[in-house]
Every structure is written in structure tokens, then in C-alpha cells.
2 protein chains.
Amino acid sequence: MVHRIQDIICDELRKIDEVDYREDNWEREEGGGGRSRVFSNGKVFEKAGVNVSVVHGTLSKQAAANMGGGKNLEGEDLDFFATGISLVLHPHNPMAPTVHANYRYFERGEGEKDGSWWFGGGADLTPSYLFEEDAIHFHKTHKDVCDRHEVANYEHFKKWCDDYFFIRHRDERRGIGGIFFDDLNLISKEECYSFVEDAAESFLDSYIPILTKRKDLEYSAENKVWQQIRRGRYVEFNLVYDRGTTFGLTTNGRIESILMSLPLTSRWEYCHEVASQTKEEELVNILKNPVDWL
Amino acid sequence: MVHRIQDIICDELRKIDEVDYREDNWEREEGGGGRSRVFSNGKVFEKAGVNVSVVHGTLSKQAAANMGGGKNLEGEDLDFFATGISLVLHPHNPMAPTVHANYRYFERGEGEKDGSWWFGGGADLTPSYLFEEDAIHFHKTHKDVCDRHEVANYEHFKKWCDDYFFIRHRDERRGIGGIFFDDLNLISKEECYSFVEDAAESFLDSYIPILTKRKDLEYSAENKVWQQIRRGRYVEFNLVYDRGTTFGLTTNGRIESILMSLPLTSRWEYCHEVASQTKEEELVNILKNPVDWL
């Protein structure tokens, strides 16, 4: 599934960006591997990466103890299988939001016992300049997906997203929301799979209409500086808090695929403050106080 | 001492940079405070910060248990006093190296018992383009300081520096060396203080002659891109590994002073590789295999 969806998404991005991606097929020493595709300096994206991986191996007891799920597992089920798709798109235009999506499946042992498998993932939007209709469209698309599946709960997943993407030391969120879930193993594997597949397949519908409207808008040098500052915050979240990134950095993952999510360029101004009653302030207020868009 | 040295250093930087610093005096809710001075977009520095702090308070038992030193302390010595000076200078010109220095003192209880006080600190150089004579001058200045003081051991502190500034996930160091030490409490407080004061006072001698030679060299757009990529690595080290930064982010410190060390701008190119037999490759080889410069 992940390779098929990677193909669909990359074909669409290739049309929009008018450049081809660079593809790297990589292997993991301990088992499995992945396929990373990255667009660099095309017409629309400053940097955009879509990565899939299918890995397997044996967990250390330490790693197993630290994992989610697996409550009913016996100690010997240390074999694991994991697969996922992960993407981050950073457009050039500061009016066009950055977007991230990730859908993944994890299984221990044969994946047949209760609690031996689970899904995780979500999608979230990170604008530098907020267009309310974009936030609504993005959330509406994901709510519709959730509403089609008994295993998914939009309200719960939206709150989880706001909680997860919190940059504690800034007292603000990375973006304006989306959905996030983990340890999902309700009803049956088939039901969960069906939801996650639907969510991943809905990614283009959730984002491309927004990108199309914003990618060619006019902007000023000041708008670009503000985008760069927001990208600095993106870096702060990913390097300090993001579980996938910090896990990857400490476990000998493929560094270029793990850090593919970082923007091409970013900026840290000492004591930068937004002026009152500006679009910049409006965004920061929402990052501090998440909004229920629907 | 820290305020006096901050004055001396900032007066010199002001002359070179031909702009004045912004000064922020800040207080810490739990006791004490600091004075941050930052140069932004002057003639020589893209961003340069010099911060001093003098703080005191009561450690949580958890924090005390996680600290260095204090091996002979009883549980009740949770009162602490800490002071230090910290600076990071990022020049515009990619031929001029970034430099960092930090000298600090920590004391628990009355600071009279054995092991109830210690000094830490060091200085390290982070060039994008290596000039061997600069590396030698920087290390020679610090070796001379160490040689003047019985409590200091240059060879030990140089190795400690190479070990500390290691970006594990890149298998390279942040810079080309310097000195680093912690938990220093040999002979007497006076002897240690005398060394640390001498080291801090030698900072300008160690760096300004290098800066003067490099700040006006010609450079290309490619040189600037490489500098930005190296700055990305600087960000990775500081946010992922640096103990002062990660401690500050989790303990309610003044964020703008903690993150003052980050460069104004930085860059992450997917799968960037240095060409063979170039100045860029020469630097990376040294970051992977530290050199004894003297």
C-alpha cells in the first residue's frame, strides 16, 4: 500500500513542481529498507520529501519495554515488522503552508495476538500566514475520512494533534492542527487498515486545493523573513520533541531520510516579536490557543 | 568577574562590528537573573550574543541527583548559586569562523565542603573553511593559559572538547576543537578561579586576530551556501546534544538567551555531499578525525 500511495502522491507533486524527484532506495542493515523521494528547488517546493519504509528485525528488550502497544504480549515476541509513509512539503511561497503527513503500521511477533499490532499517523498543516478557509478545508477533509470509519474519532484525533505538536519552550504549537493518532488497534486490523488507507489516499484532496490557491500569490520580503522564522520553529519542534526524529537519531536510522523533514532554509532572530494587529500576530495567537475549525 | 569580562568583550566587538548591542536585563522568578547583549546584522557579525547570569535558588531533589559534582554532599544542601558567561559569535563572512566560549561556576550549600563547588567551561572554534594557522593560534592561546595553571591540563581539555562537541548522528564534530572541562574542583577554589578568569580574559586574544584576518576575505555564493549548511549542523548539535541548551529548554530558562546561540540563518540540503579534494572535504575529514594542532 505505501509504495502505491507514494507513487500517486509523487506523480501529482511532479506535475505541480515541474521537476522530477531524486529517488534513493536504501537498505537497513538489520532488515528491510525504504524508498525516499525528494524534490529540491522545483517551481513550487523549496524542499519536499516523501519516504516509505518497510523494515523488520528483532527489538532489544529495552526498546520493547519503551514501546506503545503490546500490553498482552509475552516477552519472547521481540520480532517486529513496521511499515509507513511519511511526507513533508515546504513550498517556496510564504502564503502556501507547509504540510506533513505520516501513516504507519507496527506489528510484534505474528501480529495476531490482541495488542500485538497497531497503526499510527496523521496529517497537520503549518502555515506562516493563515487563511481560515484553508484551515477549514484541511480539517473538513480529515473529518470526513474519520466519519467514514468506526475506528476513528475526529474530535479526539484533532485534540491529540494540537497536544502532540506542542513546542513547550515556546508555549506554542508547530502548526494550526490536523489529526494525530497512535496505538490504534480497535475492532479489527482490517477496519483500522481501511481507515489509514483512506486517510493516506485523502492527503492530496486535503492539501492540493490549498496549495493551488496560494502558490502564486504575491508576497513581500518581510513575508519571506516571517516564513523563515516559522521554519526555525519547525526545526526546533522536529529536533527537540518529535518522537520519530529523536528515535531515528538515536537508533542508527538513515539520517538523510530522518532529517528530510527539515526545511531547506530557516532563521533565528534574537527576541523577534510580532507587531500587534497583524497577520503574524493572528497566527501566533492561534498557535497558542488552538481553534476548532469546524 | 563575569560582568567585567562581558564589558571588555562587548566593547571590543562593538568597535569591530560598528553597531551597538541590544541589552536585556532579565530576572529569574526563582532567584537571580542575567544580562544578555546581542549584536544583529552589524558590519562583521550576522549574529553575536554575550550573556552573563548570576542565579540562585533551591534544587529539586531530582535535579540535584542528576548534577555533576556534589559527591560528598548531604541531601540537605539543595541551595545553589551559579554564575557564568557564555558567548557565540557568527560572522557574516564564511571564511571567518564561528566561535563559542562559556565559563561558569556552580556551588551547593555554602560551597565550603569538599565537592560542593566546581567550575566548567571552555572555548571552541567552528570554521566553515579551515585555515590551519587559525586552528593553531586558537589552540596555542588556550594551551598557554592552561600551562600557566596547575589545575588545567591542555591535552585532557582538548580531547574533552573533541568528545563533547560530537554530533553522533552525523559522525562528525561541530568544530575543529578548543578546550572543554567540567566539574573542575582541584587544589582550591582560588586556583580554579584564577585559571577560569585567565581563560575568559584570553578569549579576545584567541579569536580577534583570526577574525581580523578573515572577515574581509572574498568569497563566492557557493562558499555562503556551505557556511549555511555548516550552520544547520550547529543547530543540530545545540538542539539535540548540548547539555546547557537541553537543560535550559526543560527548566523554564529565558528562551531567547538559551537560543541566542543559534545562527541567524541555516540550511538543510537533502543528501548534500562535499566534492572530493576540496576545502569542504578537507574540513569534513577533520570534523571526523580530530587533529592535534600543536
# chains A, B, ... in the order shown; residues from 1 in each chain; ligands from 1
>>> interface_residues(of="chain A", to="chain B", cutoff="7 Å", atoms="only C-alpha atoms", output="list in words")
His169, Leu239, Val240, Leu249, Ile255, Glu256, Met260, Leu262, Pro263, Leu264, Thr265, Ser266, Arg267, Trp268, Glu269, Tyr270 and Cys271 of chain A
>>> select_by_dssp(residues="region 172-236 of chain B", states="strand (DSSP E)", output="list of chain:residue names")
B:Glu172, B:Arg173, B:Gly177, B:Gly178, B:Ile179, B:Phe180, B:Phe181, B:Asp182, B:Asp183, B:Leu184
>>> residues_around(residues="Ala123 (chain A)", least_positions_apart="2", cutoff="10 Å", atoms="only C-alpha atoms", output="list in words")
Ser86, Leu87, Val88, Val99, His100, Ala101, Asn102, Tyr103, Gly121, Leu125, Phe138, His139, His142, Lys158, Cys161, Gly177, Gly178, Ile179, Phe180, Phe181, Ala199, Ala200, Phe203, Ser206 and Tyr207 of chain A
>>> closest_residue(among="B:Leu204, B:Leu184, B:Glu172, B:Phe106", to="Leu13 (chain B)", atoms="only C-alpha atoms")
B:Leu204
>>> select_by_dssp(residues="region 12-192 of chain A", states="helix (DSSP H, G or I)", output="number ranges by chain")
A: 12-17, 61-65, 132-147, 154-164, 168-170, 189-192
>>> write_last_selection(atoms="C-alpha atoms", output="mmCIF file, in the first residue's frame")
data_model
loop_
_atom_site.group_PDB
_atom_site.id
_atom_site.type_symbol
_atom_site.label_atom_id
_atom_site.label_comp_id
_atom_site.auth_asym_id
_atom_site.auth_seq_id
_atom_site.Cartn_x
_atom_site.Cartn_y
_atom_site.Cartn_z
ATOM 1 C CA GLU A 12 0.907 14.689 -8.588
ATOM 2 C CA LEU A 13 3.753 16.656 -6.957
ATOM 3 C CA ARG A 14 5.895 16.163 -10.049
ATOM 4 C CA LYS A 15 3.221 17.741 -12.224
ATOM 5 C CA ILE A 16 2.877 20.728 -9.903
ATOM 6 C CA ASP A 17 6.569 21.221 -9.252
ATOM 7 C CA LYS A 61 14.300 -5.766 25.404
ATOM 8 C CA GLN A 62 14.898 -2.127 26.254
ATOM 9 C CA ALA A 63 13.287 -0.905 23.021
ATOM 10 C CA ALA A 64 10.366 -3.285 23.503
ATOM 11 C CA ALA A 65 9.775 -2.037 27.037
ATOM 12 C CA GLU A 132 -9.143 30.444 7.534
ATOM 13 C CA GLU A 133 -10.799 28.719 4.587
ATOM 14 C CA ASP A 134 -7.624 26.610 4.147
ATOM 15 C CA ALA A 135 -7.679 25.512 7.770
ATOM 16 C CA ILE A 136 -11.345 24.599 7.435
ATOM 17 C CA HIS A 137 -10.834 22.684 4.189
ATOM 18 C CA PHE A 138 -7.914 20.713 5.633
ATOM 19 C CA HIS A 139 -9.829 19.764 8.771
ATOM 20 C CA LYS A 140 -13.064 19.064 6.917
ATOM 21 C CA THR A 141 -11.332 16.601 4.605
ATOM 22 C CA HIS A 142 -9.893 14.750 7.564
ATOM 23 C CA LYS A 143 -13.146 14.834 9.499
ATOM 24 C CA ASP A 144 -14.922 13.292 6.517
ATOM 25 C CA VAL A 145 -12.363 10.490 6.436
ATOM 26 C CA CYS A 146 -12.779 9.871 10.168
ATOM 27 C CA ASP A 147 -16.557 9.902 9.869
ATOM 28 C CA TYR A 154 -12.111 13.194 14.592
ATOM 29 C CA GLU A 155 -12.562 15.298 17.762
ATOM 30 C CA HIS A 156 -10.199 13.069 19.687
ATOM 31 C CA PHE A 157 -7.610 13.000 16.876
ATOM 32 C CA LYS A 158 -7.747 16.792 16.388
ATOM 33 C CA LYS A 159 -7.044 17.395 20.074
ATOM 34 C CA TRP A 160 -4.289 14.778 20.008
ATOM 35 C CA CYS A 161 -2.706 16.691 17.097
ATOM 36 C CA ASP A 162 -2.821 20.016 18.991
ATOM 37 C CA ASP A 163 -1.300 18.331 22.037
ATOM 38 C CA TYR A 164 1.400 16.443 20.170
ATOM 39 C CA ARG A 168 6.793 23.559 25.082
ATOM 40 C CA HIS A 169 9.661 26.040 25.420
ATOM 41 C CA ARG A 170 7.801 28.476 23.101
ATOM 42 C CA LYS A 189 -6.838 -4.959 11.754
ATOM 43 C CA GLU A 190 -8.905 -4.721 8.580
ATOM 44 C CA GLU A 191 -11.053 -1.873 9.926
ATOM 45 C CA CYS A 192 -8.005 0.078 11.076
#
>>> residues_around(residues="Lys215 (chain A)", least_positions_apart="2", cutoff="7 Å", atoms="only C-alpha atoms", output="PyMOL selection string")
chain A and resi 44+93+95-96+211-213+217
>>> closest_residue(among="B:Gly31, B:Pro97, B:Gly42, B:Gly84", to="Gln227 (chain B)", atoms="only C-alpha atoms")
B:Pro97
>>> residues_around(residues="Val55 (chain A)", least_positions_apart="2", cutoff="6 Å", atoms="only C-alpha atoms", output="VMD selection string")
chain A and resid 31 to 33 81 to 82
>>> write_last_selection(atoms="C-alpha atoms", output="compact mmCIF listing (two decimals), in the first residue's frame")
# COMPACT_ATOMS: atom_id res chain seq x y z
CA GLY A 31 16.41 -5.91 7.87
CA GLY A 32 14.26 -4.19 5.27
CA GLY A 33 14.71 -0.72 3.83
CA PHE A 81 7.60 -5.57 11.35
CA ALA A 82 6.96 -1.89 10.60
>>> atom_distance(atom1="CA of Thr126 (chain A)", atom2="CA of Arg173 (chain A)")
9.4 Å
